[in-house]
Structures are given as C-alpha cells and as structure tokens.
$ cat query.txt   # compact mmCIF, C-alpha atoms
# COMPACT_ATOMS: atom_id res chain seq x y z
CA MET A 1 -8.61 -8.57 13.33
CA LYS A 2 -7.08 -10.42 10.37
CA LYS A 3 -3.35 -11.12 10.35
CA LEU A 4 -1.04 -10.17 7.48
CA LYS A 5 -0.35 -13.80 6.67
CA GLU A 6 -4.07 -14.61 6.53
CA VAL A 7 -4.54 -12.03 3.81
CA PHE A 8 -1.25 -12.11 1.90
CA GLY A 9 -0.11 -15.69 2.48
CA VAL A 10 3.33 -14.66 3.76
CA ASP A 11 4.72 -13.01 6.88
CA LYS A 12 6.24 -10.02 5.05
CA PRO A 13 4.36 -9.28 1.83
CA ILE A 14 5.76 -7.27 -1.05
CA ILE A 15 2.93 -5.30 -2.64
CA GLY A 16 3.48 -3.94 -6.14
CA MET A 17 1.84 -0.64 -7.03
CA LEU A 18 -0.14 -0.37 -10.26
CA HIS A 19 -0.14 3.35 -11.09
CA MET A 20 -2.37 3.09 -14.21
CA THR A 21 0.05 4.93 -16.51
CA GLY A 22 -0.64 5.53 -20.19
CA TYR A 23 -2.84 7.68 -22.40
CA GLY A 24 -6.47 6.70 -22.72
CA ALA A 25 -8.35 3.75 -21.22
CA ASP A 26 -7.16 1.16 -23.75
CA GLU A 27 -3.46 1.95 -23.40
CA LYS A 28 -3.71 2.12 -19.61
CA MET A 29 -5.21 -1.37 -19.52
CA GLU A 30 -2.63 -2.82 -21.89
CA ILE A 31 0.16 -1.46 -19.70
CA ALA A 32 -1.64 -2.65 -16.55
CA LYS A 33 -1.99 -6.20 -17.92
CA LYS A 34 1.73 -6.40 -18.70
CA GLU A 35 2.74 -4.99 -15.32
CA ILE A 36 0.41 -7.29 -13.39
CA GLU A 37 1.81 -10.31 -15.21
CA ILE A 38 5.43 -9.27 -14.63
CA MET A 39 4.92 -8.62 -10.93
CA PHE A 40 3.06 -11.83 -10.15
CA ARG A 41 5.38 -13.95 -12.29
CA ASN A 42 8.40 -12.69 -10.40
CA GLY A 43 7.15 -13.25 -6.88
CA VAL A 44 5.33 -10.05 -5.87
CA ASN A 45 2.75 -11.14 -3.28
CA ALA A 46 -0.01 -8.67 -4.12
CA VAL A 47 -0.90 -5.85 -6.51
CA LEU A 48 -2.31 -2.52 -5.36
CA VAL A 49 -4.33 -0.60 -7.98
CA GLU A 50 -4.17 3.17 -7.46
CA ASN A 51 -5.62 6.15 -9.33
CA TYR A 52 -2.22 7.87 -9.40
CA TYR A 53 -2.46 8.49 -13.14
CA GLY A 54 -5.82 6.93 -13.98
CA GLY A 55 -9.36 7.78 -12.99
CA ALA A 56 -12.03 5.74 -11.23
CA GLU A 57 -13.02 3.95 -14.44
CA ASP A 58 -9.42 2.90 -15.09
CA VAL A 59 -9.13 1.51 -11.58
CA GLN A 60 -12.39 -0.39 -12.01
CA ASN A 61 -11.19 -1.84 -15.31
CA ALA A 62 -7.99 -3.09 -13.67
CA LEU A 63 -9.81 -4.57 -10.69
CA LYS A 64 -12.31 -6.32 -12.95
CA TYR A 65 -9.42 -7.75 -14.99
CA LEU A 66 -7.74 -9.02 -11.82
CA GLN A 67 -10.98 -10.55 -10.59
CA GLU A 68 -11.54 -12.39 -13.88
CA ASN A 69 -7.96 -13.42 -14.62
CA TYR A 70 -6.20 -13.70 -11.25
CA PRO A 71 -8.95 -14.85 -8.85
CA ASP A 72 -6.43 -16.73 -6.69
CA LYS A 73 -4.07 -13.77 -6.34
CA VAL A 74 -4.22 -11.01 -3.73
CA TYR A 75 -4.97 -7.49 -4.92
CA GLY A 76 -6.16 -4.24 -3.38
CA VAL A 77 -7.14 -0.68 -4.16
CA ASN A 78 -6.24 2.87 -3.13
CA MET A 79 -8.51 5.63 -4.40
CA LEU A 80 -6.58 8.78 -3.56
CA GLY A 81 -8.90 11.31 -1.96
CA ASN A 82 -11.89 8.98 -2.01
CA PRO A 83 -11.76 6.11 0.50
CA GLU A 84 -15.51 5.50 0.07
CA TRP A 85 -14.93 4.46 -3.53
CA ALA A 86 -12.01 2.27 -2.48
CA PHE A 87 -14.20 0.19 -0.15
CA ILE A 88 -17.04 0.01 -2.66
CA MET A 89 -14.69 -1.18 -5.42
CA ALA A 90 -12.91 -3.63 -3.12
CA ARG A 91 -16.16 -5.35 -2.25
CA GLN A 92 -17.46 -5.27 -5.81
CA TYR A 93 -14.32 -6.72 -7.43
CA GLY A 94 -13.05 -9.10 -4.78
CA ALA A 95 -10.09 -7.05 -3.55
CA ARG A 96 -8.71 -8.27 -0.25
CA PHE A 97 -7.35 -4.96 1.01
CA VAL A 98 -7.63 -1.17 0.83
CA GLN A 99 -4.99 1.47 1.44
CA ILE A 100 -5.81 4.90 2.85
CA ASP A 101 -2.91 7.32 2.90
CA SER A 102 -3.76 8.70 6.33
CA VAL A 103 -5.95 7.27 9.08
CA CYS A 104 -4.76 9.49 11.91
CA GLY A 105 -2.86 12.71 12.57
CA HIS A 106 -3.79 14.64 9.43
CA LEU A 107 -6.92 16.34 10.77
CA LYS A 108 -7.77 18.82 13.49
CA PRO A 109 -9.51 17.19 16.49
CA LYS A 110 -13.06 18.26 15.57
CA ASP A 111 -12.65 16.96 12.02
CA ASP A 112 -10.94 13.80 13.23
CA VAL A 113 -14.02 12.75 15.20
CA LYS A 114 -16.15 12.86 12.05
CA PHE A 115 -13.46 11.06 10.06
CA ALA A 116 -13.24 8.26 12.64
CA LEU A 117 -17.00 7.64 12.51
CA LYS A 118 -16.97 7.69 8.71
CA LEU A 119 -14.07 5.23 8.59
CA GLU A 120 -15.76 2.90 11.07
CA ASN A 121 -18.86 2.85 8.85
CA LEU A 122 -16.79 2.18 5.73
CA MET A 123 -15.00 -0.74 7.37
CA GLY A 124 -18.26 -2.33 8.47
CA ASP A 125 -17.54 -5.78 9.86
CA ARG A 126 -13.85 -5.37 8.88
CA ASP A 127 -14.10 -7.78 5.97
CA ILE A 128 -11.53 -5.69 4.06
CA PHE A 129 -7.95 -5.52 5.41
CA LEU A 130 -6.98 -1.86 5.80
CA LEU A 131 -3.48 -0.43 5.36
CA GLY A 132 -3.50 3.00 6.98
CA GLY A 133 -0.89 5.72 6.89
CA VAL A 134 0.25 7.82 9.85
CA ARG A 135 2.54 10.84 9.32
CA PHE A 136 2.32 9.89 5.64
CA LYS A 137 4.07 11.58 2.69
CA TYR A 138 2.54 14.92 1.68
CA GLN A 139 0.23 14.90 4.74
CA SER A 140 0.35 17.72 7.28
CA VAL A 141 0.18 16.89 10.99
CA ARG A 142 -2.80 18.72 12.49
CA SER A 143 -3.91 16.46 15.34
CA GLY A 144 -2.02 18.28 18.08
CA ARG A 145 -1.12 14.85 19.46
CA SER A 146 2.21 13.13 19.91
CA LEU A 147 3.42 10.49 17.46
CA GLU A 148 2.80 7.85 20.13
CA GLU A 149 -0.83 8.95 20.52
CA ASP A 150 -1.46 9.11 16.77
CA LEU A 151 0.04 5.65 16.23
CA LYS A 152 -2.04 4.17 19.03
CA ILE A 153 -5.23 5.64 17.60
CA GLY A 154 -4.19 4.75 14.07
CA SER A 155 -3.59 1.12 15.02
CA GLU A 156 -7.15 0.95 16.34
CA ARG A 157 -8.51 2.20 13.03
CA CYS A 158 -6.69 -0.12 10.63
CA ASP A 159 -5.04 -3.54 10.34
CA ALA A 160 -1.52 -2.38 9.47
CA ILE A 161 0.22 1.00 9.72
CA VAL A 162 2.02 2.36 6.63
CA VAL A 163 5.11 4.53 7.13
CA THR A 164 6.75 6.68 4.44
CA GLY A 165 9.37 9.33 3.92
CA GLU A 166 8.71 12.75 2.45
CA GLY A 167 7.48 11.76 -1.00
CA THR A 168 6.94 9.22 -3.76
CA GLY A 169 10.15 7.37 -4.57
CA ILE A 170 11.98 9.01 -1.67
CA SER A 171 13.53 6.60 0.81
CA THR A 172 11.79 6.18 4.14
CA ASP A 173 14.34 7.01 6.80
CA LEU A 174 15.44 3.91 8.69
CA GLU A 175 15.30 5.75 12.02
CA LYS A 176 11.67 6.64 11.35
CA ILE A 177 10.90 2.98 10.63
CA LYS A 178 12.67 1.96 13.84
CA THR A 179 10.77 4.58 15.86
CA PHE A 180 7.42 3.38 14.49
CA ARG A 181 8.46 -0.21 15.20
CA THR A 182 9.35 0.59 18.81
CA ILE A 183 6.06 2.39 19.44
CA LEU A 184 3.88 -0.15 17.63
CA GLY A 185 5.48 -3.26 19.08
CA ASP A 186 4.11 -6.30 17.24
CA PHE A 187 1.43 -4.38 15.36
CA PRO A 188 1.99 -4.76 11.57
CA LEU A 189 4.14 -2.03 9.99
CA ILE A 190 4.46 -1.60 6.21
CA VAL A 191 7.04 0.62 4.50
CA GLY A 192 5.03 2.50 1.90
CA ALA A 193 7.59 4.42 -0.16
CA GLY A 194 11.17 4.48 -1.33
CA MET A 195 12.31 0.93 -0.57
CA THR A 196 14.88 -0.37 -3.07
CA ALA A 197 16.68 -3.63 -3.73
CA GLU A 198 19.63 -2.17 -1.82
CA THR A 199 17.62 -1.15 1.26
CA ALA A 200 15.03 -3.95 1.29
CA GLN A 201 16.86 -6.38 3.53
CA GLU A 202 17.67 -3.85 6.26
CA GLN A 203 14.29 -2.08 6.20
CA LEU A 204 12.38 -5.37 6.27
CA THR A 205 14.29 -6.32 9.40
CA TYR A 206 12.28 -3.63 11.21
CA SER A 207 9.04 -3.81 9.22
CA ASP A 208 6.47 -6.37 8.11
CA GLY A 209 6.30 -5.71 4.38
CA ALA A 210 6.50 -3.07 1.70
CA ILE A 211 4.52 -1.28 -0.98
CA VAL A 212 6.80 -0.84 -3.98
CA GLY A 213 6.00 1.49 -6.86
CA SER A 214 8.70 3.69 -8.33
CA TYR A 215 11.57 1.26 -7.77
CA PHE A 216 9.94 -1.35 -10.02
CA LYS A 217 9.85 1.14 -12.93
CA GLU A 218 12.53 1.68 -15.56
CA SER A 219 15.20 3.99 -14.07
CA GLY A 220 13.04 4.23 -10.93
CA ILE A 221 10.78 6.84 -12.55
CA THR A 222 7.11 6.53 -11.59
CA ASP A 223 5.53 7.05 -15.01
CA ASN A 224 7.87 4.59 -16.77
CA PRO A 225 6.89 0.94 -17.43
CA VAL A 226 7.70 -1.79 -14.90
CA ASP A 227 11.21 -3.16 -15.42
CA GLU A 228 11.25 -6.94 -14.92
CA LYS A 229 14.92 -7.01 -13.92
CA ARG A 230 14.31 -4.45 -11.16
CA VAL A 231 11.41 -6.53 -9.85
CA GLN A 232 13.60 -9.65 -9.84
CA ASP A 233 16.46 -7.88 -8.07
CA PHE A 234 14.16 -6.47 -5.42
CA ILE A 235 12.42 -9.77 -4.69
CA PHE A 236 15.74 -11.63 -4.53
CA ASN A 237 17.19 -9.18 -1.99
CA ALA A 238 13.99 -8.90 0.02
CA ARG A 239 13.71 -12.66 0.40
CA ASN A 240 17.28 -13.05 1.59
CA GLY A 241 16.65 -13.71 5.26
CA ASN A 242 13.37 -11.83 5.59
CA GLY A 243 10.79 -14.56 4.96
CA VAL A 244 9.13 -12.67 2.09
$ encode --input "query.txt" --output "structure tokens"
Amino acid sequence: MKKLKEVFGVDKPIIGMLHMTGYGADEKMEIAKKEIEIMFRNGVNAVLVENYYGGAEDVQNALKYLQENYPDKVYGVNMLGNPEWAFIMARQYGARFVQIDSVCGHLKPKDDVKFALKLENLMGDRDIFLLGGVRFKYQSVRSGRSLEEDLKIGSERCDAIVVTGEGTGISTDLEKIKTFRTILGDFPLIVGAGMTAETAQEQLTYSDGAIVGSYFKESGITDNPVDEKRVQDFIFNARNGNGV
C-alpha cells in the first residue's frame, strides 16, 4: 500500500477541489485553468477534478490539461456516481489518485458484497491511490454494522479514509474527526469537507490532510471563483505547525 507522502510529497497534503463551474465547455475550462494556477502557485499540494458542476467531458478536458501542462504536479479525479469512469480517466490522464465518496457503510450487506468485488476489480494492482469515504456527507448508513466495523472494512478497501460533516461547506465536527482517528490509529485520515483557515490547524492535528473546496471560493460559496487570498490564508494557517 502506498503512503500519503509517496503520492503527495508531504505528510499532510492539502487537496484543492476543482468543481468545474461555468457555462459551457469553453468557459468551464477557462475558469479551471485559472483556478489550477492559483492553487498550485499558492502551495496547494494537489488538485482534485470533480464533476460537481461539469460533465464527464469537462472532467476529461481538465485532466488532459493537467497532464499536458502540469506533468510534475499531483492531481486526481472524483466522478460522482461513477467510480468506473474515475479509474479509467485516472489511468488515461496520469492522475495519481481517485476519490470515491463512500467505500463502506452505505449499502445493505447483500449489495455491499457486490460493491466490494467491483471495487477490487477497479483498483486492480492498486496503482491508483484511493481516498474513500465512510459515513460520508449525504450518504445513508445501511450496513447494519458499527462505525468501528465499517472503518475497519473501509480501511481495507482504500488507501486513506475521508471523513466529512453533514454537507458541502459544512464543518466536519472535531469530535467526529477525533473518533475516526482513535478507531483508525495510524491509518491515513483526510478531512473532506468544511475545513477553513480558522479550523485548519486544530483539525490537522488529528488528521492527515484535507480536501478543500468551498472555503477557497469567494465568500465561501461553492459556485463562485477561487479567491487567491482565501487560498493563501488557508495554506498559511495549515502549515503553521502541521507539516503541510
């Protein structure tokens, strides 16, 4: 199993989310280019391309751009609702990692068995680092298992567990982060939603990195452009004593 530092180059990576905002393919790419440049220039360790506002073609365009223009940078992909496409695109465009919003706990036992086999096939020889959510935002818990059991199984299915609060842009409760940390021990734990410049230092004390989307945007609103000052403030605070 690959280590976080092997993939991201640091012990506690900050991963900036690329939501693919805009109207039409051309505008989406122009916005994406600007946001990628701002994030990398200001110390974000990796970019995660997601079809939050864009479609599969928009995600492909962004990944191709990253491959051609930032070959030495780390980038990944999250295809909401379609992990198969995420792995295909990652391998095609040189992405180092994939995020799947839920790898355990969201399915009934009979469906979970099929999901586990499918995920194992997608991961292949585990050449792609997988960030996997457990008890993730907007996901129901249907496993009938305890949190401890779901986290144990989840940690066998991915390379790092992602923890979130209730929704996009909503802070992940510190006690939830601490609980996941206690159960997971040294297994990598990424905070996947709601971290801010104000909470970064404390939350990164108990976690191994963060995925940051809404906070980087103007006024913290997801469909706004990335605000360079907010990126700078976040990175400055996150690095203060957390080895980011």
$ closest_residue --input "query.txt" --among "A:Gly144, A:Gly81, A:Gly16, A:Gly192" --to "Asn51 in chain A" --atoms "all atoms listed in the file"
A:Gly81
$ residues_around --input "query.txt" --residues "Arg126 in chain A" --least-positions-apart "3" --cutoff "10 Å" --atoms "all atoms listed in the file" --output "PyMOL selection string"
chain A and resi 1-2+120-123+129-130+158-159
$ write_last_selection --input "query.txt" --atoms "C-alpha atoms" --output "mmCIF file, in the frame of the given file"
data_model
loop_
_atom_site.group_PDB
_atom_site.id
_atom_site.type_symbol
_atom_site.label_atom_id
_atom_site.label_comp_id
_atom_site.auth_asym_id
_atom_site.auth_seq_id
_atom_site.Cartn_x
_atom_site.Cartn_y
_atom_site.Cartn_z
ATOM 1 C CA MET A 1 -8.610 -8.570 13.330
ATOM 2 C CA LYS A 2 -7.080 -10.420 10.370
ATOM 3 C CA GLU A 120 -15.760 2.900 11.070
ATOM 4 C CA ASN A 121 -18.860 2.850 8.850
ATOM 5 C CA LEU A 122 -16.790 2.180 5.730
ATOM 6 C CA MET A 123 -15.000 -0.740 7.370
ATOM 7 C CA PHE A 129 -7.950 -5.520 5.410
ATOM 8 C CA LEU A 130 -6.980 -1.860 5.800
ATOM 9 C CA CYS A 158 -6.690 -0.120 10.630
ATOM 10 C CA ASP A 159 -5.040 -3.540 10.340
#
$ closest_residue --input "query.txt" --among "A:Glu156, A:Asp58, A:Asp227, A:Asp101" --to "Gly213 in chain A" --atoms "only C-alpha atoms"
A:Asp227
$ axis_aligned_box --input "query.txt" --around "range 49-60 of chain A" --padding-each-side "6 Å" --output "lines of an AutoDock Vina configuration file"
center_x = -7.6
center_y = 3.9
center_z = -11.3
size_x = 22.8
size_y = 21.1
size_z = 19.6
$ atom_distance --input "query.txt" --atom1 "CA of Val163 in chain A" --atom2 "CA of Arg239 in chain A"
20.4 Å
$ closest_residue --input "query.txt" --among "A:Gly154, A:Val10, A:Pro225, A:Asp208" --to "Glu27 in chain A" --atoms "only C-alpha atoms"
A:Pro225
$ residues_around --input "query.txt" --residues "Val44 in chain A" --least-positions-apart "4" --cutoff "8 Å" --atoms "all atoms listed in the file" --output "list in words"
Pro13, Ile14, Ile15, Gly16, Met39, Phe40 and Ile235 of chain A
